[in-house]
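Report on the following structure.
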Number of protein chains: 4
Amino acid sequence: MMSLNGDPSIMSSKISIGILGATGVVGQRFIQMLEHHPWFEVAWLAASDRSEGKTYAEAVRWRLRSAIPANVAKMKVSPAAPEGAPKVIFAALDASIAAEMEPRFAEAGCAVVSNSSALRMQSDVPLVIPEVNPEHIHLVDGQGWRKKSGGYVVTNPNCSAIGLVLALAPLQARFGLDAVMAVTMQAVSGAGYPGVASLDILGNVIPYIRNEEEKMQEETQKLLGTMNGTRVIPAQFAMSAQCNRVAVEDGHTESISVRLKTKTEPQEIIAAWNDFRGEPQRLKLPSAPERPVVYLEANDRPQPRFDIDMGAGMTTVVGRLRPCGVLDWKFTVLSHNTIRGAAGAAVLNAELLKATGYLD
Amino acid sequence: MMSLNGDPSIMSSKISIGILGATGVVGQRFIQMLEHHPWFEVAWLAASDRSEGKTYAEAVRWRLRSAIPANVAKMKVSPAAPEGAPKVIFAALDASIAAEMEPRFAEAGCAVVSNSSALRMQSDVPLVIPEVNPEHIHLVDGQGWRKKSGGYVVTNPNCSAIGLVLALAPLQARFGLDAVMAVTMQAVSGAGYPGVASLDILGNVIPYIRNEEEKMQEETQKLLGTMNGTRVIPAQFAMSAQCNRVAVEDGHTESISVRLKTKTEPQEIIAAWNDFRGEPQRLKLPSAPERPVVYLEANDRPQPRFDIDMGAGMTTVVGRLRPCGVLDWKFTVLSHNTIRGAAGAAVLNAELLKATGYLD
Amino acid sequence: MMSLNGDPSIMSSKISIGILGATGVVGQRFIQMLEHHPWFEVAWLAASDRSEGKTYAEAVRWRLRSAIPANVAKMKVSPAAPEGAPKVIFAALDASIAAEMEPRFAEAGCAVVSNSSALRMQSDVPLVIPEVNPEHIHLVDGQGWRKKSGGYVVTNPNCSAIGLVLALAPLQARFGLDAVMAVTMQAVSGAGYPGVASLDILGNVIPYIRNEEEKMQEETQKLLGTMNGTRVIPAQFAMSAQCNRVAVEDGHTESISVRLKTKTEPQEIIAAWNDFRGEPQRLKLPSAPERPVVYLEANDRPQPRFDIDMGAGMTTVVGRLRPCGVLDWKFTVLSHNTIRGAAGAAVLNAELLKATGYLD
Amino acid sequence: MMSLNGDPSIMSSKISIGILGATGVVGQRFIQMLEHHPWFEVAWLAASDRSEGKTYAEAVRWRLRSAIPANVAKMKVSPAAPEGAPKVIFAALDASIAAEMEPRFAEAGCAVVSNSSALRMQSDVPLVIPEVNPEHIHLVDGQGWRKKSGGYVVTNPNCSAIGLVLALAPLQARFGLDAVMAVTMQAVSGAGYPGVASLDILGNVIPYIRNEEEKMQEETQKLLGTMNGTRVIPAQFAMSAQCNRVAVEDGHTESISVRLKTKTEPQEIIAAWNDFRGEPQRLKLPSAPERPVVYLEANDRPQPRFDIDMGAGMTTVVGRLRPCGVLDWKFTVLSHNTIRGAAGAAVLNAELLKATGYLD
């Protein structure tokens, strides 16, 4: 039985989790977000070979403002292999490594809650935002690993897709989506650490992020697609993304235009966003923001410097709704790329899995 | 008769010009660009009342890397009134001041070559990019000032429109334009000085610039419109702009999508850009770049930090042409906002006016 | 009797305070810091004439990440005059305005807790850091206002002096100070809003801040001076400051060298910092950090991006102690310039005044 | 016989040079500075193994605004071995590689003009700024390589030392130096490419650069030392450096305090700087700035954004001279770290070697 309140006397009832890629920017966010988590506790950390055997504090170049949790700081970094690892694994690996590593852990019976792009578009791997398409998690029932060892892989989307899809889902539900154009201005933390060189980005915009536009396009359509028995039919609207990197630490800003299937009024659209709630809110998942999407009325918001921490970084912030001369409506979307766009997305997925019996 | 070579012995044959708004960011660029100009020489400077009577060096907060030209540094700042001013005036005033001041100078017989938005959309005021719509300058013949005193006003577009229109003109000419979506990431110098506060832009994106989207939309259609007797019929394609401010000193980057009237291939589009030449190139105007539009093949260019100085800041740099899932094609445009987007635009307009007899 | 726990049922027992200069960067920090304050509650706001009569939300350009407290947002901005103002006033005014305004409020019987430089160096005005020279507050007893109306003025130091003095005080106490060299790299928020133009600071260092070096030098010596009856004898060590502005939002970093009167070992110096406690800690003042000074062992810390929030922005963070080839020791000091360096300094001063009976 | 005028008909008379570390930030500057050099022409490029066999354009991630010179772009990158290399080598290698590589090239008979720190402090290796200590080049006569094969190594100082020493040399000459305190604010280009991660420096100051303070201290004293027969006696003043990294692309700013041996007046000091000339000016070396040191009168200069290009990046710019409360005088120094502080320093050294017969 699970404790929701984190009382240390029943600490042992928390679910032990492991983190693959624990020293990276997203791995650090996992550790930060899980420090006081009522359901999960960090019990195992793995990173690249050169970190192995060191304590976490020695191995990591910690890039967050809050301190490394004391118990994690002293933890030894383990080899990245399923032997000795807990049964629930958060994975924040580069795609090329994830492609090989995540199946190994699933094969060994682990629930792999992955932030990597490696398996996201595989037809039997759920790509999930709990407010948007929680029912997609049932795809895991068709995974070979699940049948053999009980293990499986669940993924969350790319950091540029997740804010967009949270803003689109209420529009799709109420008005239907016909076309979506997205231009992003993405923070440097999205590229990991060391990631973007300062000589590349100071006083600059880089109009290219490798594979990002493709991911953003195909993931958006899978996320907004519908379950048809054991597979997902991608949503059928037209979609185009252009991705840029800007000199911002955290927070992806996106200029969006959409064509809707139903004519509507601005107040209706704003209401769709502000009223939007999903399974995480209904189930009161620990990391669920009270409101997944918030519309700001000020004419110059949202802005990363001021608005990324809304809902503890789990709320997508929307603003500047106005008519579009080419499609129907245009607006600005902001999302915290390493919280809602990465670590927080995976933690919320894990909470949904727990609440729906997939971690029992 | 005019000297093209700047030989000091015939210095007096240069046309004396005055600058309204000489201490602002654009006024400074005028002075920088005219320092060694073969046709024009700065003879008169005006700025706000508090600068009056000071030398230019005392009045200005010079924000360029090159030094203030010695002769200009010592010039006294004059009152902003046509009495005593030369007959050719470059104007870099705030719109609200320009609305009152530019007509006064035109009334007094001056050729006002303006960078301000105040009169741009007036039906008898030409809005001109010499490579794109040089024939629009004939609108001045219908201006009341012209008839009375010989004075007139010619304008250049907003800094966000000019790069876009230079990239669109070759496409319109060869393939026809059906729809244009533009999302900008604009440099802080576009807001003048002091302009954008550092507390507003460090580590930030501001998704709003007052009136900018409206200007960008309507100016683009006027610039690409056709002369019909004594008026301009705006181009009829659909157009939508979203304007953002980013932490870049100089250079507006724009993510563009277009739908063309004619199906074509990428090589054809790239050729349209690279082959594009206009009147300034034909007339060999002193400030005309050899190539008004250049396409870069590298997959991550153009970038403001590296590419804004192409063609001495007068070339629009394009890159990343690829198919768009909503319209037909998408690409990135970069333009130097205070050179091609402001001072250089006006200087090139003045050169066109000279070459076509409007300054005689 | 005072409530320390903020129980809303006894809210009325809190001390009403007013804020002069409520819309500025420091005024905003006052409001943020006082939102849940156990002793004080914001009851009155004044700003410049153009804000008068507006609600605070309308008048302010809020530049903090947290939201405007709801009750403050709706408050009307009052004229900046003592009539109708509470008896405890936090002042965050420009020096020239403060010079005239603060005496008016003191004259009218207010306790003016000021962040302005206007009166700091006046011989009967205490300049106080509660951990360093709490006894200096008794200077108010000699103020003419105090005798007439009960009103008085207490000041806190400049944002560049306060971090330095907190780092110096433990050294002065244990080893004696003989000479101090300080070079600062100061955040843009120290210049208020709009303050530093982005065109001035992007990619730049500005090696000059008006009057800052003078303030830093003379304030440091007054703060570390000794009460001699009714006046302060400034500390007698040699002192030199060089002040630079850098592209940092919050947090002044300072490279310091000192010559001490007593020879010592690095561990002794580090112990002096880490062991340092003052009246605020003894009295458990609500805004007192547990540790006023913390030494970090990592060889590349402190850094503003990661360390300014230590002790909720009230802790001075020191690092990199090593021998100096000219004086004895060198080290780096970091302090949050708008919390410990401004609003938090004044709040802590007010708490000290309350705890020592000066607000009764 | 040598052509000084770059007449292409006698192009072949230029001296062929090779570049070790050609793809790095300093290697790129070498190529840029040598594009139109009247004496030297780039004939050979070497970089790390993974560049070998590629053309330079393929191998390099070019980070400068000017284009890669066309002839260099097509050049094949050679293995980093003396076989087939020209007899004059500019070296821009990491210290650990340089320690092994530079002796190999000197052994093989090459004149190695090095920007690396590896051998700078070796007693028989000259560390030279041509305006400051040109006579130190004679140290090469004592090098074993020179005796065996004619090869030798000459070095230039660290980018943080060179600006400082150019500002100190005129003071030492006229007034004598007793103590020097330096606090630097160094640009990210000083760390090479990719170098400083954007997540480390955006909105930040890093108060630590590995080994930089040691290099700055010991190199300054060697540079200002005197030749005593076959060795250099380091200058004997006290010296202390504190080195910080800031979010600036190019240009190291330094806050300096000095104690002089002779009492003097500010005008005397300023005159010492403005009058300073050295061998490069006397010999009219092609890369010598007209004035090695320039004092700016404006109270807020020098600033990297506006002043680094003075003298084509070869002039050290000084400002803000004022009395120091601890030593005698304080002032600010600015120097372009990849031109005068690296590539330009080496090119000027090579020009001095040529002019004094060491390349014959």
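Chain lettering (A, B, ...) mirrors the order of the structure tokens, residue numbering begins at 1 for each chain separately, and ligand numbering begins at 1 in order of display.
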Contacts of region 231-248 of chain B within 6 Å, only C-alpha atoms, excl. fewer than 2 positions in-chain, as a PDB file with N, CA and C atoms, in the first residue's frame:
```pdb
ATOM      1  N   GLY A 203      24.142  36.728 -28.579  1.00  0.00           N
ATOM      2  CA  GLY A 203      23.773  37.693 -29.607  1.00  0.00           C
ATOM      3  C   GLY A 203      23.319  37.064 -30.905  1.00  0.00           C
ATOM      4  N   ASN A 204      22.764  35.869 -30.836  1.00  0.00           N
ATOM      5  CA  ASN A 204      22.482  35.125 -32.067  1.00  0.00           C
ATOM      6  C   ASN A 204      21.160  34.373 -31.998  1.00  0.00           C
ATOM      7  N   CYS A 324      -5.619  35.242 -37.663  1.00  0.00           N
ATOM      8  CA  CYS A 324      -4.484  35.039 -38.573  1.00  0.00           C
ATOM      9  C   CYS A 324      -4.951  35.280 -40.003  1.00  0.00           C
ATOM     10  N   GLY A 325      -4.181  36.032 -40.770  1.00  0.00           N
ATOM     11  CA  GLY A 325      -4.570  36.342 -42.141  1.00  0.00           C
ATOM     12  C   GLY A 325      -4.429  35.183 -43.113  1.00  0.00           C
ATOM     13  N   VAL A 326      -3.768  34.108 -42.688  1.00  0.00           N
ATOM     14  CA  VAL A 326      -3.577  32.974 -43.598  1.00  0.00           C
ATOM     15  C   VAL A 326      -4.390  31.772 -43.109  1.00  0.00           C
TER      16      VAL A 326
ATOM     17  N   ASP B 178       0.715  33.342 -53.182  1.00  0.00           N
ATOM     18  CA  ASP B 178      -0.669  33.098 -52.808  1.00  0.00           C
ATOM     19  C   ASP B 178      -0.899  33.329 -51.307  1.00  0.00           C
ATOM     20  N   ALA B 179       0.092  33.006 -50.502  1.00  0.00           N
ATOM     21  CA  ALA B 179      -0.032  33.212 -49.053  1.00  0.00           C
ATOM     22  C   ALA B 179       1.355  33.285 -48.444  1.00  0.00           C
ATOM     23  N   VAL B 180       1.490  34.113 -47.395  1.00  0.00           N
ATOM     24  CA  VAL B 180       2.773  34.313 -46.718  1.00  0.00           C
ATOM     25  C   VAL B 180       2.549  34.340 -45.205  1.00  0.00           C
ATOM     26  N   MET B 181       3.283  33.495 -44.500  1.00  0.00           N
ATOM     27  CA  MET B 181       3.278  33.512 -43.030  1.00  0.00           C
ATOM     28  C   MET B 181       4.679  33.887 -42.584  1.00  0.00           C
ATOM     29  N   ALA B 182       4.777  34.869 -41.700  1.00  0.00           N
ATOM     30  CA  ALA B 182       6.093  35.298 -41.227  1.00  0.00           C
ATOM     31  C   ALA B 182       6.107  35.337 -39.708  1.00  0.00           C
ATOM     32  N   VAL B 183       7.132  34.735 -39.132  1.00  0.00           N
ATOM     33  CA  VAL B 183       7.369  34.868 -37.689  1.00  0.00           C
ATOM     34  C   VAL B 183       8.760  35.472 -37.529  1.00  0.00           C
ATOM     35  N   THR B 184       8.831  36.602 -36.837  1.00  0.00           N
ATOM     36  CA  THR B 184      10.117  37.290 -36.726  1.00  0.00           C
ATOM     37  C   THR B 184      10.760  37.105 -35.358  1.00  0.00           C
ATOM     38  N   MET B 185      12.096  37.200 -35.358  1.00  0.00           N
ATOM     39  CA  MET B 185      12.895  37.236 -34.133  1.00  0.00           C
ATOM     40  C   MET B 185      13.783  38.457 -34.303  1.00  0.00           C
ATOM     41  N   GLN B 186      13.347  39.584 -33.739  1.00  0.00           N
ATOM     42  CA  GLN B 186      13.917  40.884 -34.085  1.00  0.00           C
ATOM     43  C   GLN B 186      14.925  41.380 -33.058  1.00  0.00           C
ATOM     44  N   ALA B 187      15.946  42.046 -33.582  1.00  0.00           N
ATOM     45  CA  ALA B 187      17.045  42.573 -32.761  1.00  0.00           C
ATOM     46  C   ALA B 187      16.593  43.780 -31.963  1.00  0.00           C
ATOM     47  N   ILE B 201      14.941  41.827 -21.641  1.00  0.00           N
ATOM     48  CA  ILE B 201      15.328  40.958 -22.756  1.00  0.00           C
ATOM     49  C   ILE B 201      16.428  39.952 -22.418  1.00  0.00           C
ATOM     50  N   VAL B 205      12.470  36.146 -24.454  1.00  0.00           N
ATOM     51  CA  VAL B 205      11.856  36.442 -25.745  1.00  0.00           C
ATOM     52  C   VAL B 205      10.605  37.254 -25.420  1.00  0.00           C
ATOM     53  N   ILE B 206      10.382  38.365 -26.124  1.00  0.00           N
ATOM     54  CA  ILE B 206       9.157  39.151 -25.932  1.00  0.00           C
ATOM     55  C   ILE B 206       8.289  38.956 -27.171  1.00  0.00           C
ATOM     56  N   PRO B 207       7.111  38.340 -26.992  1.00  0.00           N
ATOM     57  CA  PRO B 207       6.323  37.968 -28.178  1.00  0.00           C
ATOM     58  C   PRO B 207       5.442  39.112 -28.669  1.00  0.00           C
ATOM     59  N   TYR B 208       5.895  40.315 -28.560  1.00  0.00           N
ATOM     60  CA  TYR B 208       5.039  41.448 -28.916  1.00  0.00           C
ATOM     61  C   TYR B 208       5.888  42.667 -29.216  1.00  0.00           C
ATOM     62  N   GLU B 213       3.228  43.986 -36.310  1.00  0.00           N
ATOM     63  CA  GLU B 213       2.612  42.986 -37.196  1.00  0.00           C
ATOM     64  C   GLU B 213       1.738  43.666 -38.247  1.00  0.00           C
ATOM     65  N   GLN B 221       2.232  44.178 -48.592  1.00  0.00           N
ATOM     66  CA  GLN B 221       1.300  44.140 -49.714  1.00  0.00           C
ATOM     67  C   GLN B 221       1.356  45.416 -50.553  1.00  0.00           C
ATOM     68  N   LYS B 222       1.628  46.549 -49.941  1.00  0.00           N
ATOM     69  CA  LYS B 222       1.799  47.776 -50.738  1.00  0.00           C
ATOM     70  C   LYS B 222       3.080  47.694 -51.579  1.00  0.00           C
ATOM     71  N   LEU B 224       4.632  45.118 -52.736  1.00  0.00           N
ATOM     72  CA  LEU B 224       4.534  44.147 -53.836  1.00  0.00           C
ATOM     73  C   LEU B 224       3.321  44.439 -54.719  1.00  0.00           C
ATOM     74  N   GLY B 225       2.669  45.562 -54.472  1.00  0.00           N
ATOM     75  CA  GLY B 225       1.510  45.951 -55.276  1.00  0.00           C
ATOM     76  C   GLY B 225       1.930  46.549 -56.613  1.00  0.00           C
ATOM     77  N   THR B 226       0.931  46.884 -57.434  1.00  0.00           N
ATOM     78  CA  THR B 226       1.224  47.379 -58.784  1.00  0.00           C
ATOM     79  C   THR B 226       0.691  48.799 -58.935  1.00  0.00           C
ATOM     80  N   MET B 227       1.446  49.603 -59.677  1.00  0.00           N
ATOM     81  CA  MET B 227       1.024  50.963 -59.977  1.00  0.00           C
ATOM     82  C   MET B 227      -0.106  50.881 -60.998  1.00  0.00           C
ATOM     83  N   ASN B 228      -1.154  51.589 -60.695  1.00  0.00           N
ATOM     84  CA  ASN B 228      -2.288  51.634 -61.618  1.00  0.00           C
ATOM     85  C   ASN B 228      -2.572  53.121 -61.800  1.00  0.00           C
ATOM     86  N   GLY B 229      -1.955  53.697 -62.852  1.00  0.00           N
ATOM     87  CA  GLY B 229      -2.070  55.140 -63.019  1.00  0.00           C
ATOM     88  C   GLY B 229      -1.404  55.832 -61.846  1.00  0.00           C
ATOM     89  N   ASP B 250      21.907  43.279 -33.564  1.00  0.00           N
ATOM     90  CA  ASP B 250      21.517  43.695 -34.901  1.00  0.00           C
ATOM     91  C   ASP B 250      21.156  42.489 -35.749  1.00  0.00           C
TER      92      ASP B 250
END
```
Quiz item: Quick one: residues within 6 Å of Leu45 (chain D), only C-alpha atoms counted, chain neighbours fewer than 5 positions away excluded, as a ChimeraX atom specification?
Solution: /D:18-19,22,77-78
Written file, previous selection with C-alpha atoms, as a PDB file, in the first residue's frame:
```
ATOM      1  CA  GLY D  18      51.989  26.618 -41.894  1.00  0.00           C
ATOM      2  CA  ILE D  19      49.405  26.640 -39.152  1.00  0.00           C
ATOM      3  CA  ALA D  22      44.229  25.653 -37.896  1.00  0.00           C
ATOM      4  CA  VAL D  77      44.330  19.568 -43.936  1.00  0.00           C
ATOM      5  CA  SER D  78      47.719  17.838 -43.464  1.00  0.00           C
TER       6      SER D  78
END
```
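Residues in contact with Gly251 (chain D) at up to 7 Å, not including ones fewer than 4 positions away on its chain and judged by only C-alpha atoms, are Gln186, Ala187, Pro304, Ile308, Leu334, Ser335, His336 and Asn337 of chain D.
If only C-alpha atoms are the atoms counted, then among D:Ala67, D:Gly341, D:Lys261, D:Lys147 the closest residue to chain B is D:Ala67.
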Quiz item: Could you list, as an NGL selection string, every residue of chain C that has an atom within 9 Å of an atom of chain B, counting only C-alpha atoms?
Solution: :C and (63 or 188-189 or 192-203 or 247-249)
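CA of Glu279 (chain A) is positioned 26.1 Å from CA of Ala118 (chain A).
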Exercise. Give me every alpha helix (DSSP H) residue in region 4-249 of chain A, going by DSSP on the backbone, as an MDAnalysis selection string.
Key: chainID A and resid 25:34 56:59 70:73 95:107 144:149 159:175 198:201 212:223
Quiz item: Counting only C-alpha atoms, what is within 8 Å of region 294-298 of chain D, bar same-chain residues fewer than 5 positions away, as a PyMOL selection string?
Solution: chain D and resi 270+273-274+315-320
Atoms kept (N, CA and C atoms) for selection, written as a compact mmCIF listing (two decimals), in the first residue's frame:
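Wrote it out as part-v1.txt, contents follow:
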```txt
# COMPACT_ATOMS: atom_id res chain seq x y z
N ILE D 270 48.84 59.48 -18.64
CA ILE D 270 48.11 59.41 -19.91
C ILE D 270 49.06 59.67 -21.06
N TRP D 273 51.07 56.63 -21.92
CA TRP D 273 50.34 55.68 -22.76
C TRP D 273 50.23 56.15 -24.20
N ASN D 274 49.76 57.39 -24.36
CA ASN D 274 49.50 57.85 -25.72
C ASN D 274 50.78 58.04 -26.53
N THR D 315 45.36 47.41 -30.88
CA THR D 315 45.62 48.47 -29.91
C THR D 315 45.02 48.10 -28.55
N THR D 316 45.77 48.32 -27.50
CA THR D 316 45.24 48.19 -26.15
C THR D 316 44.60 49.52 -25.77
N VAL D 317 43.35 49.45 -25.30
CA VAL D 317 42.61 50.67 -25.01
C VAL D 317 42.50 50.81 -23.49
N VAL D 318 42.84 52.00 -23.00
CA VAL D 318 42.87 52.26 -21.57
C VAL D 318 41.92 53.41 -21.26
N GLY D 319 41.35 53.39 -20.07
CA GLY D 319 40.47 54.49 -19.67
C GLY D 319 40.35 54.57 -18.17
N ARG D 320 39.59 55.54 -17.71
CA ARG D 320 39.22 55.70 -16.32
C ARG D 320 40.40 55.81 -15.34
```
